[in-house]
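J.: Quick one: the structure is below, and I'll ask about it shortly.
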Amino acid sequence: MDERARILALDRAHVWRPFTSHERHAEGDDLVVASAQGPWLVDLDGRRYFDATSAWWSQVLGFSHPRLVAALEAQARALPHVALAAATHAPAAELAAELVRVAPKGDRALTRVFYSDDGSTAVEVALKIAFQYAAQNDRRGDGRPARTRFLAFPGAYHGDTVGAMSVGAVDDFTEVFQPLLFRDHVRTHGQVPRDAAGWESLCDAFEATLERDGETVAALVVEPLILGANGMRFFAPALLRRLRRACDHAGVLLIADEVFTGFGRTGRMWACEHAGVVPDLLCTAKGLSGGLLPFAATLATDAVYEGFRGDMSRAFLHGHTFTGNPLGCAVALEVLRVMEEEGTLAAMVPQASLIADAFTQFAALDAVQNPRALGMVGAVDVGTGGYLDGQVGWRIHEEAKRRGVFLRPLGDVIYVVPPLNTTEADLHFLLDAIEESLVAVLG
Ligand SMILES: Cc1ncc(COP(=O)(O)O)c(C=O)c1O
């Protein structure tokens, strides 16, 4: 048995894959990846594939960036872990200060950092902070908490833990869990809009709800500017500004889930910056640790933090074994240093234009619709199928794989989110291969 067959056999016998049916797991002719460098995955036979998904959107600086690997090694030797409760350490303290320094700036300041493990936990933390903040600072006349609800976007994805699912879309992925979710405490409106007018109406609806029932709402949760997992659905910065204003008017906290959009993905450090909006709570993961290891943070304003001042009965009694893990902190600090020293955000401007131009060009094919791009994100619709029933996207995936590109479509949405520091030559390779694959399937 060759090495590839040996690993696949073990995998099929013992691994339980995420987001994968048992049939698909048993039959799929999957990559067996041996190593990765920059945007490239290398399989066991030495064949290279450009990972257009950046490993579930995490590799902002590419795989195995030498400086991130060095920071990880040095920190592993010095201090791999310590409980961050009655003790602290330099990487946690320094990273918190750095995140505060680079956080969106405006009419309020994010000054506090709560660490956790991944995007889902960053969101769970934000939801729990918002709920407890309201419970202990905003009571009704009869002493009961006034603000016990959340507002959430239709089609949202905030992760797979129970709280994150509760503020996410009701779909094939979450339906079975509905009895467990706190959906009764979540208000949303309609479907994901398909055009600008639809987004305006959605915003109108949120404003009306906030105006009418705002005093019962603890927080509004939003993926700023791009609903990622729903199929890279974009909305205008002006709408985020309207929501910020409406939340303020109603005394409702704004939670920005920047797990996907943060760390430069949209061309600015944070998507909120396109709108000049500062949220009350900001969730970050994925790019935070350059995708080198699981790590996340939830940033909060001073006002929110002050709402927990007092004895243990008012403290935020939440944490994880690896909260503030020094390895994650050290790597995240190095991500910020590399981005600053290499001028990543400025350097990616031409690359972002290449993506925007290429995706506009793809729509010359009749079957390719709704080209959209922002920063290092490009997407098109190649059909109307959803995540589970879309067929066209997977046919394009197969064509792209033959050409050395790994795409993972979101149903019939084809998208790319390459590392921010992808070279022009590598980006041309990616975009040319996608164009050829689109023509092969749809031309
Ligand atoms: C906007 C957003 N929030 C939260 C999550 C959940 O992150 P994780 O998979 O790290 O738990 C994701 C994951 O894709 C995401 O896109």
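Chain lettering (A, B, ...) mirrors the order of the structure tokens, residue numbering begins at 1 for each chain separately, and ligand numbering begins at 1 in order of display.
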Please extract the residues at most 10 Å from ligand 1, counting only C-alpha atoms and all ligand atoms, and provide them as number ranges by chain, using the chain letters and residue numbers of this document.
T.: A: 56-58, 117-124, 156-161, 164-165, 168, 222-224, 226-230, 232, 256-262, 283-287, 291, 294-296
J.: Could you write out, as JSON, numbers by chain, all the residues of region 321-391 of chain A that DSSP marks as strand (DSSP E)?
T.: {"A": [369, 370, 371, 372, 373, 374, 377, 378, 379, 380, 381]}
J.: For region 160-209 of chain A against region 383-395 of chain A, with a cut-off of 12 Å and counting only C-alpha atoms, what is the closest atom pair and its distance in Å to one decimal for every residue that makes the cut, ordered by chain and number, as a tab-separated table?
T.:
residue	atom	partner	partner_atom	distance
A:Asp171	CA	A:Tyr387	CA	10.0
A:Asp172	CA	A:Leu388	CA	8.1
A:Phe173	CA	A:Leu388	CA	9.4
A:Arg194	CA	A:Thr384	CA	11.7
J.: May I have the selected residues written with C-alpha atoms, as a compact mmCIF listing (two decimals), in the first residue's frame?
T.:
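Full text of out27.txt as output:
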# COMPACT_ATOMS: atom_id res chain seq x y z
CA ASP A 171 -30.60 26.12 8.04
CA ASP A 172 -29.74 22.51 7.24
CA PHE A 173 -26.77 22.75 9.57
CA ARG A 194 -30.03 39.99 -2.96
J.: Could you list, as a count of residues only, every residue within 9 Å of Gln136 (chain A), counting only C-alpha atoms and ignoring same-chain residues fewer than 4 positions away?
T.: 6
J.: Quick one: residues within 7 Å of Gly38 (chain A), only C-alpha atoms, excluding same-chain residues fewer than 3 positions away - as a VMD selection string?
T.: chain A and resid 62 to 65
J.: Which of these, A:Ala9, A:Leu41, A:Pro237, A:Trp16, has the shortest distance to Asp29 (chain A) once you count only C-alpha atoms?
T.: A:Ala9
J.: Taking the DSSP assignment computed from this structure's backbone, write out as a PyMOL selection string all residues of region 5-253 of chain A that belong to alpha helix (DSSP H).
T.: chain A and resi 5-14+22-27+54-57+66-78+90-102+119-137+162-166+196-213+237-250
J.: Rank A:Ala400, A:Ala103, A:Leu202, A:Leu220 by their smallest atom-to-atom distance to Arg149 (chain A), using only C-alpha atoms, and report the top residue only.
T.: A:Leu220
J.: Between A:Leu180, A:Ala85, A:Ala130, A:Val405, which residue has the minimum interatomic distance to Leu427 (chain A), considering only C-alpha atoms?
T.: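 Closest residue, counting only C-alpha atoms: A:Val405.
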J.: Fewer than 4 positions away in the same chain doesn't count, so skip those; otherwise give me all residues within 9 Å of Ser166 (chain A), counting only C-alpha atoms, as a PyMOL selection string.
T.: chain A and resi 158+161-162+170+174+178+180-183+185-186
J.: Point out the residue among A:Phe19, A:Thr301, A:Ala356, A:Val441 with the least atom-to-atom distance to Arg108 (chain A), counting only C-alpha atoms.
T.: A:Thr301
J.: Quick one: distance from CA of Pro66 (chain A) to CA of Ser116 (chain A) in Å, one decimal?
T.: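 Going from CA of Pro66 (chain A) over to CA of Ser116 (chain A), I get 24.7 Å.
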J.: Quick one: residues within 12 Å of Arg101 (chain A), only C-alpha atoms counted, chain neighbours fewer than 4 positions away excluded, as a PDB file with N, CA and C atoms, in the first residue's frame?
T.:
ATOM      1  N   GLU A  94       1.170  42.293  26.485  1.00  0.00           N
ATOM      2  CA  GLU A  94       1.618  43.087  25.333  1.00  0.00           C
ATOM      3  C   GLU A  94       0.642  42.983  24.161  1.00  0.00           C
ATOM      4  N   LEU A  95       0.118  41.782  23.932  1.00  0.00           N
ATOM      5  CA  LEU A  95      -0.825  41.640  22.818  1.00  0.00           C
ATOM      6  C   LEU A  95      -2.102  42.448  23.083  1.00  0.00           C
ATOM      7  N   ALA A  96      -2.579  42.421  24.327  1.00  0.00           N
ATOM      8  CA  ALA A  96      -3.788  43.193  24.630  1.00  0.00           C
ATOM      9  C   ALA A  96      -3.560  44.669  24.302  1.00  0.00           C
ATOM     10  N   ALA A  97      -2.392  45.178  24.711  1.00  0.00           N
ATOM     11  CA  ALA A  97      -2.082  46.590  24.434  1.00  0.00           C
ATOM     12  C   ALA A  97      -2.027  46.836  22.924  1.00  0.00           C
ATOM     13  N   LYS A 105     -10.940  53.052  15.505  1.00  0.00           N
ATOM     14  CA  LYS A 105     -10.966  54.266  16.329  1.00  0.00           C
ATOM     15  C   LYS A 105     -12.152  55.147  15.930  1.00  0.00           C
ATOM     16  N   ALA A 109     -13.818  53.811  22.405  1.00  0.00           N
ATOM     17  CA  ALA A 109     -12.550  53.090  22.282  1.00  0.00           C
ATOM     18  C   ALA A 109     -12.686  51.683  22.837  1.00  0.00           C
ATOM     19  N   LEU A 110     -12.154  50.730  22.088  1.00  0.00           N
ATOM     20  CA  LEU A 110     -12.066  49.352  22.570  1.00  0.00           C
ATOM     21  C   LEU A 110     -10.775  49.264  23.386  1.00  0.00           C
ATOM     22  N   THR A 111     -10.902  49.016  24.674  1.00  0.00           N
ATOM     23  CA  THR A 111      -9.731  49.131  25.558  1.00  0.00           C
ATOM     24  C   THR A 111      -9.429  47.847  26.322  1.00  0.00           C
ATOM     25  N   ARG A 112     -10.287  46.843  26.197  1.00  0.00           N
ATOM     26  CA  ARG A 112     -10.117  45.605  26.977  1.00  0.00           C
ATOM     27  C   ARG A 112     -10.154  44.397  26.062  1.00  0.00           C
ATOM     28  N   VAL A 113      -9.364  43.386  26.389  1.00  0.00           N
ATOM     29  CA  VAL A 113      -9.261  42.195  25.546  1.00  0.00           C
ATOM     30  C   VAL A 113      -9.531  40.948  26.383  1.00  0.00           C
ATOM     31  N   MET A 269      -7.687  47.131   8.276  1.00  0.00           N
ATOM     32  CA  MET A 269      -7.434  46.178   9.356  1.00  0.00           C
ATOM     33  C   MET A 269      -8.739  45.507   9.795  1.00  0.00           C
ATOM     34  N   LEU A 299     -12.795  41.998  21.999  1.00  0.00           N
ATOM     35  CA  LEU A 299     -12.426  43.315  22.522  1.00  0.00           C
ATOM     36  C   LEU A 299     -13.674  44.019  23.024  1.00  0.00           C
ATOM     37  N   LEU A 333       1.204  38.598  18.257  1.00  0.00           N
ATOM     38  CA  LEU A 333       2.062  39.795  18.313  1.00  0.00           C
ATOM     39  C   LEU A 333       2.949  39.859  17.073  1.00  0.00           C
ATOM     40  N   LEU A 336       1.099  40.982  13.960  1.00  0.00           N
ATOM     41  CA  LEU A 336       0.954  42.440  13.903  1.00  0.00           C
ATOM     42  C   LEU A 336       2.267  43.113  13.501  1.00  0.00           C
TER      43      LEU A 336
END
J.: Of the residues A:Phe316, A:Phe177, A:Phe153, A:Phe429, which is the one nearest to Leu240 (chain A), using only C-alpha atoms?
T.: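 The shortest atom-to-atom distance to Leu240 (chain A) comes from A:Phe153.
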J.: Using only C-alpha atoms, which of the listed residues (A:Ala219, A:Leu292, A:Ala363, A:Leu420) sits closest to Val167 (chain A)?
T.: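 Looking only at the distances to Val167 (chain A), the closest residue turns out to be A:Ala219.
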J.: Just the residues within 12 Å of Ala433 (chain A), please, counting only C-alpha atoms, with nothing from its chain fewer than 6 positions along; format it as a list in words.
T.: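 Close residues of Ala433 (chain A): Tyr49, Phe50, Ala52, Ala358, Phe362, Ile396, His397, Glu398, Glu399, Ala400, Lys401, Arg402, Arg403, Gly404, Val405, Phe406, Leu407, Val416, Asp426, Leu427, Val439 and Ala440 of chain A.
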J.: For a test of reading the model, state the distance in Å between CA of Ala135 (chain A) and CA of Ala218 (chain A), rounded to one decimal.
T.: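 Value for the CA of Ala135 (chain A)-CA of Ala218 (chain A) distance: 8.7 Å.
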